[in-house]
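**Q** Before I ask anything, let me first share the structure, which is written out below as structure tokens.
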Amino acid sequence: MLESLNREIDVEALMLRLRGRVSDLEQQGHHELLPSDAIALRNSVFINSLEAFVNTADQKAQIRVQWPSLLAGFFFNIPTMRRALLDGLAFLFKDQRHVNLALVAAFRESISLNRQLIEQFDLLRKDHEDLKKNAGRDFSG
């Protein structure tokens with residue numbers, strides 16, 4: 001039985017109003033704001049798009065071992081010159097590449113944590129729905 005420290009509040013009347021409002025909403029078909037399937041789909045699309053961004057960033061952070069085809073002019077067709085320029089670019093941007101790889105690793109960890117939080121949230125939502133159903137049966141019976 002619920003008790004109130006404030007004597008002006010009638011707990012039983014408040015519980016009756018709450019049960020009435022819940023039953024009215026259930027009769028009107030307001031069981032959930034969004035179906036659980038829609039929420040799961042939205043979360044899946046969100047995580048998949050984040051993973052696609054991380055994969056693209058990871059590909060761009062790798063050392064360039066091939067010269068882009070757009071720069072295939074006469075000067076860049078000389079293999080020793082092309083190799084020297086690629087080595088020079090790799091050396092110049094080594095620190096930036098390490099920073100980018102660290103950010104990619106941190107972002108992958110963040111995605112993993114987001115996935116775990118979404119799974120825990122889904123479990124809590126299901127438990128909450130079960131508790132609501134059980135509470136409705138306990139108070140009605």
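Ordering of the structure tokens sets the chain letters (A, B, ...); residue numbers start at 1 within each chain; ligands are numbered from 1 in the order shown.
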Neighbours of Gln66 of chain A within 9 Å (only C-alpha atoms; same-chain residues fewer than 3 positions away dropped), as a count of residues only?
**A** 4
**Q** Using backbone DSSP assignments, extract all helix (DSSP H, G or I) residues from chain A; output them as a PyMOL selection string.
**A** chain A and resi 11-27+36-60+69-71+75-77+79-92+94-140
**Q** Nearest to Ala102 of chain A among A:Ala57, A:Leu50, A:Asp37, A:Asp127, with distances taken over only C-alpha atoms: which residue is it?
**A**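 Smallest separation from Ala102 of chain A among the options: A:Ala57.
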**Q** Using only C-alpha atoms, pick whichever of A:Asn43, A:Leu70, A:Phe93, A:Thr80 has the shortest atom-to-atom distance to Asp122 of chain A.
**A**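 Selected residue with least distance to Asp122 of chain A: A:Asn43.
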